[in-house]
Structures are given as structure tokens and as C-alpha cells.
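Trainee: Here you go, this is protein-v4.tsv (TSV, C-alpha atoms).
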chain	number	residue	atom	x	y	z
C	7	MET	CA	176.32	42.49	28.18
C	8	ARG	CA	174.73	45.37	26.26
C	9	ILE	CA	171.67	47.10	27.63
C	10	LEU	CA	169.37	49.70	26.04
C	11	VAL	CA	167.68	52.05	28.53
C	12	ALA	CA	164.40	53.78	27.57
C	13	ASP	CA	162.64	56.38	29.75
C	14	ASP	CA	161.39	59.87	28.93
C	15	HIS	CA	162.91	61.34	32.13
C	16	ASP	CA	166.64	62.14	31.93
C	17	ILE	CA	167.12	61.71	35.68
C	18	ILE	CA	165.55	58.24	35.68
C	19	ARG	CA	167.77	57.14	32.77
C	20	ARG	CA	170.73	58.51	34.71
C	21	GLY	CA	169.70	56.53	37.82
C	22	LEU	CA	169.05	53.33	35.86
C	23	LYS	CA	172.45	53.69	34.21
C	24	GLU	CA	174.18	54.15	37.58
C	25	LEU	CA	172.45	51.04	38.96
C	26	LEU	CA	173.18	48.92	35.88
C	27	THR	CA	176.79	49.92	35.32
C	28	SER	CA	177.61	49.17	38.97
C	29	ARG	CA	177.93	45.60	37.66
C	30	SER	CA	181.18	44.91	35.86
C	31	GLY	CA	180.76	43.77	32.28
C	32	TRP	CA	177.41	45.51	31.90
C	33	GLU	CA	177.28	48.35	29.43
C	34	VAL	CA	174.46	50.78	28.58
C	35	CYS	CA	174.87	50.90	24.80
C	36	ALA	CA	172.18	53.51	24.10
C	37	GLU	CA	169.39	55.58	25.65
C	38	ALA	CA	165.93	56.32	24.24
C	39	LYS	CA	163.37	58.93	25.28
C	40	THR	CA	160.33	57.51	23.48
C	41	GLY	CA	159.04	54.07	22.52
C	42	ARG	CA	159.70	54.76	18.84
C	43	GLU	CA	163.30	55.70	19.55
C	44	ALA	CA	163.67	52.51	21.61
C	45	VAL	CA	162.39	50.34	18.73
C	46	MET	CA	164.68	52.09	16.24
C	47	LEU	CA	167.78	51.86	18.46
C	48	ALA	CA	167.07	48.24	19.42
C	49	GLU	CA	166.83	47.23	15.75
C	50	GLN	CA	170.06	49.10	15.01
C	51	LEU	CA	172.12	47.90	17.99
C	52	ARG	CA	170.58	44.51	18.86
C	53	PRO	CA	171.13	44.82	22.63
C	54	ASP	CA	170.90	41.78	24.91
C	55	VAL	CA	168.37	43.47	27.19
C	56	VAL	CA	166.05	46.49	26.90
C	57	VAL	CA	165.12	48.21	30.18
C	58	MET	CA	162.02	50.27	29.47
C	59	ASP	CA	159.54	52.56	31.23
C	60	ILE	CA	155.91	51.90	30.34
C	61	SER	CA	154.73	55.54	30.10
C	62	MET	CA	156.57	57.25	27.29
C	63	PRO	CA	155.33	59.78	24.74
C	64	ASP	CA	154.68	58.91	21.09
C	65	LEU	CA	154.79	55.11	21.58
C	66	ASN	CA	154.50	53.62	25.05
C	67	GLY	CA	156.75	50.91	26.46
C	68	LEU	CA	154.26	48.09	26.00
C	69	GLU	CA	153.78	48.74	22.29
C	70	ALA	CA	157.52	49.24	21.83
C	71	ALA	CA	158.08	45.89	23.57
C	72	ARG	CA	155.69	44.13	21.19
C	73	LYS	CA	157.55	45.55	18.18
C	74	ILE	CA	160.98	44.71	19.57
C	75	ARG	CA	159.98	41.13	20.46
C	76	LYS	CA	158.65	40.70	16.93
C	77	SER	CA	161.77	41.84	15.12
C	78	LEU	CA	164.37	40.72	17.70
C	79	PRO	CA	163.11	37.57	19.45
C	80	LYS	CA	166.46	37.09	21.23
C	81	THR	CA	166.40	40.51	22.88
C	82	GLU	CA	164.88	40.28	26.37
C	83	ILE	CA	162.79	43.13	27.75
C	84	LEU	CA	162.33	44.47	31.28
C	85	ILE	CA	159.37	46.76	31.91
C	86	LEU	CA	159.36	49.28	34.77
C	87	THR	CA	156.24	51.02	36.07
C	88	LEU	CA	155.43	53.56	38.74
C	89	HIS	CA	152.20	51.85	39.88
C	90	PHE	CA	151.17	48.21	40.02
C	91	SER	CA	148.25	47.16	37.85
C	92	ASP	CA	146.70	43.68	37.44
C	93	GLN	CA	145.53	44.47	33.93
C	94	LEU	CA	149.02	45.53	32.95
C	95	VAL	CA	150.64	42.29	34.15
C	96	ARG	CA	148.45	40.36	31.73
C	97	GLU	CA	149.26	42.69	28.84
C	98	ILE	CA	152.97	42.66	29.63
C	99	VAL	CA	153.10	38.86	29.56
C	100	GLU	CA	151.08	38.79	26.33
C	101	ALA	CA	153.54	41.23	24.76
C	102	GLY	CA	156.33	38.70	25.30
C	103	VAL	CA	157.96	40.67	28.10
C	104	ARG	CA	159.58	38.39	30.66
C	105	ALA	CA	160.50	40.80	33.42
C	106	TYR	CA	158.39	43.38	35.23
C	107	ILE	CA	159.46	45.42	38.27
C	108	MET	CA	158.29	48.56	40.08
C	109	LYS	CA	160.39	51.73	39.88
C	110	SER	CA	160.25	51.96	43.66
C	111	ASP	CA	161.99	48.58	43.95
C	112	ALA	CA	164.67	49.32	41.35
C	113	ASP	CA	167.53	49.26	43.85
C	114	ARG	CA	166.57	45.77	45.01
C	115	ASP	CA	165.16	44.24	41.82
C	116	LEU	CA	166.79	45.86	38.79
C	117	VAL	CA	170.12	44.06	38.79
C	118	ALA	CA	168.51	40.75	39.79
C	119	ALA	CA	165.93	41.07	36.99
C	120	VAL	CA	168.49	41.89	34.30
C	121	GLU	CA	170.66	39.03	35.52
C	122	ALA	CA	167.70	36.64	35.20
C	123	LEU	CA	166.99	37.93	31.68
C	124	ALA	CA	170.63	37.49	30.68
C	125	ASN	CA	170.08	33.79	31.41
C	126	HIS	CA	166.71	33.93	29.59
C	127	ARG	CA	164.83	33.38	32.82
C	128	PRO	CA	161.78	35.50	33.79
C	129	PHE	CA	161.68	37.92	36.73
C	130	PHE	CA	158.47	39.39	38.11
C	131	THR	CA	157.92	41.70	41.05
C	132	ALA	CA	156.45	39.65	43.91
C	133	ARG	CA	152.88	40.91	43.46
C	134	ALA	CA	152.87	40.13	39.74
C	135	ALA	CA	154.33	36.69	40.36
C	136	ASP	CA	151.58	35.99	42.93
C	137	MET	CA	148.96	37.15	40.49
C	138	LEU	CA	150.28	35.07	37.60
C	139	LEU	CA	150.54	31.99	39.80
C	140	ASP	CA	147.03	32.61	41.08
C	141	GLY	CA	145.72	32.74	37.52
C	142	PHE	CA	147.54	29.49	36.73
C	143	VAL	CA	146.20	27.63	39.74
C	144	ARG	CA	142.64	28.94	39.39
C	145	PRO	CA	142.31	29.71	35.68
C	146	HIS	CA	138.51	29.90	35.73
C	147	SER	CA	138.04	32.14	38.71
C	148	ALA	CA	136.06	35.23	37.84
C	149	GLN	CA	137.19	35.21	34.21
C	150	PRO	CA	134.86	36.93	31.77
C	151	ASP	CA	133.53	35.10	28.71
C	152	PRO	CA	136.73	34.29	26.71
C	153	ASP	CA	135.03	34.82	23.33
C	154	ALA	CA	134.00	38.32	24.32
C	155	VAL	CA	137.50	39.05	25.54
C	156	ILE	CA	139.03	38.02	22.20
C	157	ARG	CA	136.37	39.85	20.20
C	158	ASN	CA	137.00	43.04	22.10
C	159	ARG	CA	140.78	42.83	22.24
C	160	LEU	CA	142.48	45.76	20.55
C	161	THR	CA	144.84	45.12	17.67
C	162	SER	CA	148.39	46.41	17.84
C	163	ARG	CA	147.54	49.24	15.43
C	164	GLU	CA	144.47	50.16	17.50
C	165	ARG	CA	146.56	50.35	20.68
C	166	GLU	CA	149.01	52.67	18.94
C	167	ILE	CA	146.09	54.88	17.94
C	168	VAL	CA	144.65	54.91	21.49
C	169	GLN	CA	147.87	56.51	22.66
C	170	LEU	CA	147.96	59.10	19.86
C	171	LEU	CA	144.30	60.05	20.42
C	172	ALA	CA	144.83	60.25	24.19
C	173	GLU	CA	147.81	62.54	23.55
C	174	GLY	CA	145.35	64.91	21.90
C	175	LYS	CA	145.92	64.15	18.22
C	176	SER	CA	143.01	64.45	15.76
C	177	SER	CA	142.10	61.64	13.33
C	178	LYS	CA	143.89	63.60	10.64
C	179	GLU	CA	147.06	63.94	12.72
C	180	VAL	CA	146.88	60.23	13.58
C	181	ALA	CA	146.62	59.44	9.86
C	182	VAL	CA	149.64	61.60	9.02
C	183	SER	CA	151.75	60.24	11.86
C	184	LEU	CA	151.08	56.59	10.89
C	185	GLY	CA	151.03	57.07	7.11
C	186	ILE	CA	147.41	55.87	6.71
C	187	SER	CA	144.32	57.56	5.21
C	188	VAL	CA	142.05	59.74	7.35
C	189	LYS	CA	139.19	57.36	6.59
C	190	THR	CA	141.17	54.37	7.90
C	191	ALA	CA	142.14	56.33	11.00
C	192	GLU	CA	138.48	57.16	11.62
C	193	THR	CA	137.45	53.52	11.19
C	194	HIS	CA	140.12	52.48	13.71
C	195	ARG	CA	138.88	55.16	16.08
C	196	ALA	CA	135.27	53.94	15.81
C	197	ASN	CA	136.37	50.33	16.40
C	198	ILE	CA	138.38	51.36	19.45
C	199	MET	CA	135.45	53.24	20.98
C	200	ARG	CA	133.12	50.27	20.37
C	201	LYS	CA	135.53	47.64	21.74
C	202	LEU	CA	136.36	49.64	24.84
C	203	GLU	CA	132.74	50.80	25.28
C	204	LEU	CA	133.81	54.43	25.40
C	205	HIS	CA	131.74	57.37	24.23
C	206	SER	CA	134.02	60.39	24.24
C	207	VAL	CA	137.63	61.42	23.92
C	208	SER	CA	137.74	62.34	27.61
C	209	GLU	CA	136.70	58.76	28.47
C	210	LEU	CA	139.44	57.53	26.17
C	211	VAL	CA	141.97	59.74	27.97
C	212	ARG	CA	140.80	58.34	31.33
C	213	TYR	CA	141.20	54.79	29.97
C	214	ALA	CA	144.71	55.62	28.73
C	215	VAL	CA	145.74	57.12	32.07
C	216	ARG	CA	144.27	54.22	34.05
C	217	ASN	CA	146.17	51.73	31.92
C	218	GLN	CA	149.37	53.80	32.06
C	219	ILE	CA	149.36	54.29	28.30
C	220	ILE	CA	149.89	57.99	28.98
C	221	GLU	CA	150.87	59.87	32.13
C	222	ALA	CA	148.23	61.79	34.05
B	26	MET	CA	164.89	85.86	41.70
B	27	SER	CA	165.64	86.54	38.06
B	28	ASP	CA	169.35	87.39	38.29
B	29	TRP	CA	170.47	83.90	37.32
B	30	ARG	CA	168.80	84.34	33.95
B	31	SER	CA	171.06	87.24	33.03
B	32	GLU	CA	174.16	85.15	33.76
B	33	GLY	CA	174.15	82.78	30.87
B	34	THR	CA	173.87	83.69	27.26
B	35	SER	CA	176.24	80.96	26.14
B	36	GLY	CA	174.03	77.93	26.69
B	37	ILE	CA	173.26	75.74	29.67
B	38	ARG	CA	176.81	74.61	30.35
B	39	GLY	CA	177.93	78.26	30.31
B	40	GLU	CA	175.29	79.17	32.88
B	41	ALA	CA	176.24	76.24	35.07
B	42	LEU	CA	179.89	77.30	34.96
B	43	GLY	CA	178.90	80.88	35.73
B	44	TRP	CA	177.03	79.73	38.75
B	45	SER	CA	179.71	77.42	40.04
B	46	ILE	CA	181.39	80.67	41.14
B	47	CYS	CA	178.75	80.67	43.91
B	48	SER	CA	179.81	77.28	45.17
B	49	LEU	CA	183.51	78.20	44.81
B	50	LEU	CA	182.91	81.35	46.80
B	51	PHE	CA	181.21	79.18	49.38
B	52	VAL	CA	184.26	76.91	49.55
B	53	ILE	CA	186.58	79.91	50.01
B	54	LEU	CA	184.39	81.58	52.65
B	55	TRP	CA	183.47	78.53	54.69
B	56	GLY	CA	186.46	76.30	54.06
B	57	ASN	CA	184.42	73.27	53.06
B	58	MET	CA	182.43	72.03	50.09
B	59	PRO	CA	178.68	72.59	50.25
B	60	ARG	CA	177.09	69.35	51.46
B	61	VAL	CA	173.88	67.94	50.03
B	62	LEU	CA	171.41	65.47	51.52
B	63	ILE	CA	169.16	63.70	49.01
B	64	VAL	CA	165.70	62.51	50.06
B	65	ASP	CA	163.57	60.39	47.72
B	66	ASP	CA	161.78	57.08	48.25
B	67	HIS	CA	162.96	55.91	44.83
B	68	ALA	CA	166.55	54.69	44.72
B	69	VAL	CA	166.63	55.25	40.98
B	70	ILE	CA	166.12	59.00	41.53
B	71	ARG	CA	168.75	59.09	44.30
B	72	ARG	CA	171.21	57.37	41.93
B	73	GLY	CA	170.24	59.85	39.20
B	74	VAL	CA	171.01	62.82	41.45
B	75	GLN	CA	174.28	61.17	42.43
B	76	GLY	CA	175.11	60.75	38.74
B	77	ILE	CA	174.41	64.43	38.01
B	78	LEU	CA	176.45	65.65	41.01
B	79	SER	CA	179.37	63.33	40.21
B	80	THR	CA	180.35	65.68	37.35
B	81	TYR	CA	180.42	68.65	39.76
B	82	PRO	CA	183.06	67.77	42.38
B	83	GLU	CA	182.47	70.99	44.33
B	84	TRP	CA	179.23	69.46	45.62
B	85	ASP	CA	179.52	66.83	48.34
B	86	LEU	CA	176.64	64.34	48.52
B	87	CYS	CA	176.82	63.62	52.25
B	88	GLY	CA	173.77	61.46	52.86
B	89	GLU	CA	170.60	59.80	51.59
B	90	ALA	CA	167.16	59.18	53.05
B	91	ASP	CA	164.10	57.45	51.60
B	92	ASN	CA	161.44	59.00	53.84
B	93	GLY	CA	160.57	62.21	55.69
B	94	GLN	CA	161.42	61.02	59.21
B	95	ASP	CA	164.91	59.82	58.25
B	96	ALA	CA	165.40	63.07	56.34
B	97	ILE	CA	164.76	65.11	59.49
B	98	ARG	CA	167.00	62.89	61.60
B	99	LEU	CA	169.86	62.96	59.06
B	100	ALA	CA	169.51	66.70	58.47
B	101	GLY	CA	169.87	67.19	62.23
B	102	GLU	CA	172.98	65.01	62.37
B	103	LEU	CA	174.72	66.32	59.26
B	104	ALA	CA	173.45	69.93	59.09
B	105	PRO	CA	173.88	69.95	55.29
B	106	GLU	CA	173.83	73.21	53.35
B	107	VAL	CA	171.12	71.89	51.02
B	108	VAL	CA	168.48	69.16	51.22
B	109	ILE	CA	167.14	67.93	47.87
B	110	MET	CA	163.65	66.68	48.75
B	111	ASP	CA	160.99	64.66	46.95
B	112	VAL	CA	157.35	65.58	47.72
B	113	SER	CA	155.41	62.32	47.45
B	114	MET	CA	156.81	59.80	49.88
B	115	PRO	CA	155.10	57.18	52.02
B	116	GLY	CA	154.72	58.13	55.69
B	117	MET	CA	155.71	61.75	56.20
B	118	ASN	CA	155.70	63.60	52.87
B	119	GLY	CA	158.32	66.04	51.65
B	120	LEU	CA	156.34	69.20	52.43
B	121	GLU	CA	155.89	68.20	56.06
B	122	ALA	CA	159.58	67.31	56.35
B	123	THR	CA	160.51	70.63	54.68
B	124	ARG	CA	158.46	72.54	57.24
B	125	ILE	CA	160.21	70.84	60.15
B	126	ILE	CA	163.73	71.14	58.70
B	127	HIS	CA	163.11	74.81	57.95
B	128	ASP	CA	162.02	75.33	61.57
B	129	VAL	CA	164.84	73.40	63.21
B	130	LEU	CA	167.67	74.26	60.80
B	131	PRO	CA	166.94	77.68	59.30
B	132	GLU	CA	170.41	77.75	57.67
B	133	THR	CA	169.70	74.60	55.65
B	134	LYS	CA	168.12	75.31	52.25
B	135	VAL	CA	165.51	72.87	51.01
B	136	LEU	CA	165.22	72.33	47.26
B	137	LEU	CA	162.16	70.35	46.20
B	138	LEU	CA	162.58	67.90	43.33
B	139	THR	CA	159.18	66.74	42.18
B	140	LEU	CA	156.89	65.50	39.42
B	141	HIS	CA	154.17	68.00	40.31
B	142	SER	CA	154.02	71.24	38.35
B	143	SER	CA	150.72	72.64	39.65
B	144	SER	CA	150.88	76.14	41.08
B	145	GLU	CA	149.19	74.97	44.29
B	146	PHE	CA	152.09	72.63	44.96
B	147	VAL	CA	154.61	75.37	44.30
B	148	ARG	CA	152.74	77.70	46.66
B	149	SER	CA	152.63	75.20	49.50
B	150	ALA	CA	156.29	74.36	48.92
B	151	PHE	CA	157.41	77.96	49.44
B	152	ARG	CA	154.98	78.36	52.33
B	153	ALA	CA	156.65	75.35	53.95
B	154	GLY	CA	159.99	77.14	53.68
B	155	ALA	CA	161.46	75.63	50.52
B	156	ARG	CA	163.98	77.80	48.63
B	157	GLY	CA	163.90	76.01	45.31
B	158	TYR	CA	161.52	73.99	43.16
B	159	VAL	CA	162.81	71.81	40.30
B	160	LEU	CA	160.77	69.40	38.20
B	161	LYS	CA	162.17	65.90	37.88
B	162	SER	CA	161.78	66.18	34.12
B	163	ASP	CA	164.16	69.18	34.11
B	164	ALA	CA	166.62	67.95	36.74
B	165	GLU	CA	169.37	67.02	34.31
B	166	ASN	CA	169.66	70.62	33.08
B	167	GLU	CA	168.57	72.57	36.12
B	168	LEU	CA	169.58	70.82	39.31
B	169	VAL	CA	173.09	72.22	39.67
B	170	ARG	CA	171.96	75.68	38.59
B	171	ALA	CA	169.23	75.55	41.25
B	172	LEU	CA	171.69	74.36	43.91
B	173	ASN	CA	173.94	77.32	43.13
B	174	VAL	CA	171.03	79.75	43.32
B	175	VAL	CA	169.71	78.54	46.69
B	176	ILE	CA	173.17	78.44	48.23
B	177	GLY	CA	173.71	82.02	47.05
B	178	GLU	CA	170.63	82.94	49.14
B	179	GLY	CA	168.43	83.10	46.02
B	180	THR	CA	165.18	81.39	45.14
B	181	TYR	CA	164.81	79.02	42.21
B	182	VAL	CA	161.71	77.81	40.37
B	183	SER	CA	161.81	75.65	37.24
B	184	PRO	CA	160.80	77.95	34.37
B	185	ALA	CA	158.34	75.25	33.31
B	186	VAL	CA	156.12	75.62	36.38
B	187	ASP	CA	153.62	78.39	36.82
B	188	ALA	CA	156.19	81.02	37.76
B	189	ARG	CA	153.64	83.75	38.35
B	190	ALA	CA	151.88	81.80	41.08
B	191	ALA	CA	155.20	80.98	42.68
B	192	LYS	CA	156.31	84.61	42.69
B	193	GLU	CA	153.06	85.65	44.35
B	194	SER	CA	153.66	83.26	47.21
B	195	ILE	CA	157.30	84.34	47.57
B	196	PHE	CA	156.34	88.00	47.77
B	197	ASN	CA	153.55	87.30	50.22
B	198	ASN	CA	155.92	85.55	52.60
Have the structure of the file written as C-alpha cells, please.

Mentor:
Amino acid sequence: MRILVADDHDIIRRGLKELLTSRSGWEVCAEAKTGREAVMLAEQLRPDVVVMDISMPDLNGLEAARKIRKSLPKTEILILTLHFSDQLVREIVEAGVRAYIMKSDADRDLVAAVEALANHRPFFTARAADMLLDGFVRPHSAQPDPDAVIRNRLTSREREIVQLLAEGKSSKEVAVSLGISVKTAETHRANIMRKLELHSVSELVRYAVRNQIIEA
Amino acid sequence: MSDWRSEGTSGIRGEALGWSICSLLFVILWGNMPRVLIVDDHAVIRRGVQGILSTYPEWDLCGEADNGQDAIRLAGELAPEVVIMDVSMPGMNGLEATRIIHDVLPETKVLLLTLHSSSEFVRSAFRAGARGYVLKSDAENELVRALNVVIGEGTYVSPAVDARAAKESIFNN
């Protein structure tokens, strides 16, 4: 089985590789340091599984996962995070990711999760599984107005721009990096601020940190 | 403090080779390989350190702990030459454990391996008795170099952290 490992920290990639290759027949076919690199390498190499950190520069793991699922529906994705977040579980599932574990549990969960994915079965860290099950059993508990949720949901492009803005890029730099006009970038920016009810870049940065789009 | 910088002009690998003379000298003088205890609550980091050290056979990874208490107990049992220590751990944190190991085993050098680059952290690390400070993001390139520096009785700080603040605290000690 061929596995792509994506994390911006060399030592974490090293550790993930050691844990994964302890299983015979498992091979780490490539390593990526950013979400963009992960998408590019996945499309090139078509690995069976992508093991990916959520906080990576340039393009985070969640956005990378969405892109990979779109172009390679057979490639399964495992997301790793440092901290647990309810909000994130929802977004991870919506992105088509079928395995989510905590970095702190990697020794116990990593091999089991990749094994489940190899058989196209999901694997979620216990807390996330509880939460998903809870939502399934009591779907109407404390849910906000669904119309409002859909209206205010960010598009894929908008989420990409949230990360670039939170990384300190100006509208002009965002436009250059995504190959769009400055005017379009500014429109996206205004829509993002309205949908997220934010009023300044520092609030946007806080939002991005809280949702693990960027690292604090 | 800055002598390791003058060693290598031929790239990172060259510097690492230059410094492995320290560990070789250690082997010749003491008749055994320098032993390292790794302390981190994340197994993935412990495996990463193991992976890095596996390419340097002169270093002997003698034990692992995932919290401060076990680190102190194992350090007492094994008396390793170096303890590689994480800072943020549940229960007793790495700074507290460093302080105690430094007190009980003054010969054992503690090298902190952490995500935190703030100068306050560096200051409290050296105040607690640490001899080295490496950022996790730089571990791949710097860990072995740092091990060689601390075992050669030197002090190592990742160039990326606020070196000035660190130096202040070293000189005030």
C-alpha cells in the first residue's frame, strides 16, 4: 500500500513514517510540506492513502483534502490534528475525509486508522465518533437555523482566501497567488467578512487560529 | 557558545560530521556510547527522534518517557548523558522535570525540544538548568549538532529563537 505523508514539520513526518513503515507492505511514496504540495503529489502519484496534518502553510490540510477527494475519489484521507475541535469534525466529514485522529494518539490510532481506510472503512478518534453519533441520534438538538448556516457557509475559494489573508497577505498578493483580479479578491474578502461576521483582519486571524486554519 | 558555527563551512552534513568528533572522543574517553533518554508525550515525536538518531550509530537511544515523572524516574535509573525533553506535557511539564534532573543528576545534560520560540521560554529553560534549546521545526537539521555541543560541555540554542535573550540568561547564571 502506498501512503503520502503531509506535515510542515520534518520531525513529525519522520515519526509518521517510522510508525507507518513498521507495517510490512506499507510504503511512504512521498512527503509534502504544504497542502499545495500534497495536492500536486497526490495527483501525480495516486497514493492509496494520504496522511495529512491540518495546519500547514499556503494551503491547509482541510482544503487540500477537499481538492484531493475531488480529483481522486478513490484516495482515502486521514487528518491529524493537535487539538480536538467540534467544529472541525463537521468540516472534516463534509470535506469527504473518512479518518480523523489526534497527534497525541498516533501511536495507538495511526496504524489502525490507515488499516481501516485501506478497507474503505472510516476511523474516528473516540471523541469525534461520540460527537458524530450524538448528532445522528439527536439531529435537531441546539442546531442553528439551517438556512442561515447554508447562506453563511464559505465557498472553497473563500476558505482558501481566509488562510492567505490570515497568513498576512494583502488583497493584491492574494490575487497574484490565485491568478485572479484584485477586484475579485476584494469582493471575496468582503463576502468572507460578512459571512463570518468579522470586522478586522485581526479578528480574521483569531478565527483562523481557532479553527486551526493557521498555527498560533 | 559560538564555536560550533566556525566548524562547518561545507554545509549541514559537514558540520554534523565535524561535530561527531565530540561523540567519538566521548566514546574513546568513557568507553561507551553517549546514551540519550527521549521525553515527549507524543509518540510521533519520539519516533521522529528515533528516526533521526538511527542514522548516527554513535548515539544510543536508551529509553523513552511520555511525562515528567517517568522522565525523572528513568533518568535516575539510567543516568543517561543527555535527556531530550519536551516542554508541554500533561502532569509535570518539561521545565519542572529539567529542574529536578539538573539538581539530582548534574552530569546529565538536558536538551529541550519544543514548539515554543519565545525568549521567555528560552530564559526559563536555561534558568531550570537546560544546556540546549532546539525548536521542533528545526530538529531534523539541528538535533545531532545540538547533542554534540551539549555533550562537549557547550550550550546550544536554535539560531531561529531570540538568541540575544538566551545569551543574557546564560551569562547571568

Trainee: Could you please tell me, as number ranges by chain, which residues of chain C have an atom within 10 Å of chain B when using all atoms listed in the file?

Mentor: C: 14-25, 88, 108-114, 116

Trainee: As an exercise, work out the distance from atom CA of Thr123 of chain B to atom CA of Gly93 of chain B in Å and give it to one decimal place.

Mentor: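 Computing the Euclidean distance for atom CA of Thr123 of chain B and atom CA of Gly93 of chain B yields 8.5 Å.
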
Trainee: Could you tell me, as a short mmCIF file (atom, residue, chain, number, x, y, z; two decimals) with C-alpha atoms, in the coordinates of the input, which residues have any atom at most 10 Å from (154.7, 35.9, 36.4), counting all atoms listed in the file?

Mentor:
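New file point16.cif:
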data_model
loop_
_atom_site.label_atom_id
_atom_site.label_comp_id
_atom_site.auth_asym_id
_atom_site.auth_seq_id
_atom_site.Cartn_x
_atom_site.Cartn_y
_atom_site.Cartn_z
CA VAL C 95 150.64 42.29 34.15
CA ARG C 96 148.45 40.36 31.73
CA ILE C 98 152.97 42.66 29.63
CA VAL C 99 153.10 38.86 29.56
CA ARG C 104 159.58 38.39 30.66
CA ALA C 105 160.50 40.80 33.42
CA TYR C 106 158.39 43.38 35.23
CA PRO C 128 161.78 35.50 33.79
CA PHE C 129 161.68 37.92 36.73
CA PHE C 130 158.47 39.39 38.11
CA THR C 131 157.92 41.70 41.05
CA ALA C 132 156.45 39.65 43.91
CA ARG C 133 152.88 40.91 43.46
CA ALA C 134 152.87 40.13 39.74
CA ALA C 135 154.33 36.69 40.36
CA ASP C 136 151.58 35.99 42.93
CA MET C 137 148.96 37.15 40.49
CA LEU C 138 150.28 35.07 37.60
CA LEU C 139 150.54 31.99 39.80
CA ASP C 140 147.03 32.61 41.08
CA GLY C 141 145.72 32.74 37.52
CA PHE C 142 147.54 29.49 36.73
#

Trainee: Do you have the atom CA of Glu89 of chain B-atom CA of Ile126 of chain B distance handy?

Mentor: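 A separation of 15.0 Å between them.
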
Trainee: Can you tell me how far atom CA of Ile109 of chain B sits from atom CA of Leu136 of chain B, in Å to one decimal?

Mentor: 4.8 Å

Trainee: Between B:Pro115, B:Gly157, B:Gly177, B:Pro59, single out the one closest to Thr139 of chain B, counting all atoms listed in the file.

Mentor: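 The shortest atom-to-atom distance to Thr139 of chain B comes from B:Gly157.
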
Trainee: Using all atoms listed in the file for the distances, tell me which of C:Gly185, C:Leu160, C:Met7, C:Ser61 is nearest to Ser30 of chain C.

Mentor: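 Result for the nearest residue to Ser30 of chain C: C:Met7.
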
Trainee: Considering all atoms listed in the file, return as a PyMOL selection string whatever protein or nucleic-acid residues lie within 12 Å of Ala185 of chain B, sequence-local ones (same chain, fewer than 4 positions apart) excluded.

Mentor: chain B and resi 140-144+147+158-164+167+181+189+191

Trainee: Got a sec: who's within 10 Å of Ala104 of chain B, counting only C-alpha atoms, leaving out chain neighbours fewer than 4 positions off, as number ranges by chain?

Mentor: B: 60-62, 87, 97-100, 108, 126, 130, 132-133

Trainee: Have a look at C:Ser77, C:Glu179, C:Val207, C:Ala172 and name the one nearest to Val45 of chain C; count only C-alpha atoms.

Mentor: C:Ser77

Trainee: For Val103 of chain C, list every protein, DNA or RNA residue within 12 Å, evaluated using only C-alpha atoms, and leave out those in the same chain fewer than 2 positions away; present the list as a PyMOL selection string.

Mentor: chain C and resi 55-58+60+67-76+79-86+94-101+105-107+119+123+126-130

Trainee: Taking all atoms listed in the file into account, name the residue in B:Val112, B:Val175, B:Val182, B:Leu168 that is nearest to Ala153 of chain B.

Mentor: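 Of B:Val112, B:Val175, B:Val182, B:Leu168, the one nearest Ala153 of chain B is B:Val112, counting all atoms listed in the file.
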
Trainee: Restricted to N, CA and C atoms, what does segment 200-211 of chain C look like when written out as a compact mmCIF listing (two decimals), in the first residue's frame?

Mentor:
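The resulting out.txt:
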# COMPACT_ATOMS: atom_id res chain seq x y z
N ARG C 200 -18.36 39.41 5.84
CA ARG C 200 -19.81 39.47 6.10
C ARG C 200 -20.31 38.11 6.62
N LYS C 201 -19.92 37.04 5.93
CA LYS C 201 -20.42 35.71 6.31
C LYS C 201 -19.95 35.31 7.71
N LEU C 202 -18.71 35.65 8.02
CA LEU C 202 -18.16 35.24 9.31
C LEU C 202 -18.43 36.28 10.41
N GLU C 203 -19.08 37.39 10.01
CA GLU C 203 -19.37 38.50 10.94
C GLU C 203 -18.10 39.00 11.61
N LEU C 204 -17.08 39.23 10.80
CA LEU C 204 -15.81 39.75 11.31
C LEU C 204 -15.64 41.18 10.82
N HIS C 205 -14.87 41.96 11.59
CA HIS C 205 -14.74 43.37 11.23
C HIS C 205 -13.31 43.82 11.00
N SER C 206 -12.33 42.97 11.27
CA SER C 206 -10.96 43.39 11.06
C SER C 206 -10.10 42.18 10.73
N VAL C 207 -8.91 42.47 10.23
CA VAL C 207 -8.00 41.37 9.89
C VAL C 207 -7.59 40.61 11.15
N SER C 208 -7.44 41.34 12.27
CA SER C 208 -7.02 40.64 13.49
C SER C 208 -8.11 39.66 13.96
N GLU C 209 -9.39 40.03 13.73
CA GLU C 209 -10.47 39.09 14.05
C GLU C 209 -10.41 37.87 13.13
N LEU C 210 -10.06 38.14 11.88
CA LEU C 210 -9.94 37.05 10.90
C LEU C 210 -8.82 36.10 11.30
N VAL C 211 -7.71 36.67 11.78
CA VAL C 211 -6.57 35.85 12.23
C VAL C 211 -7.00 34.99 13.41
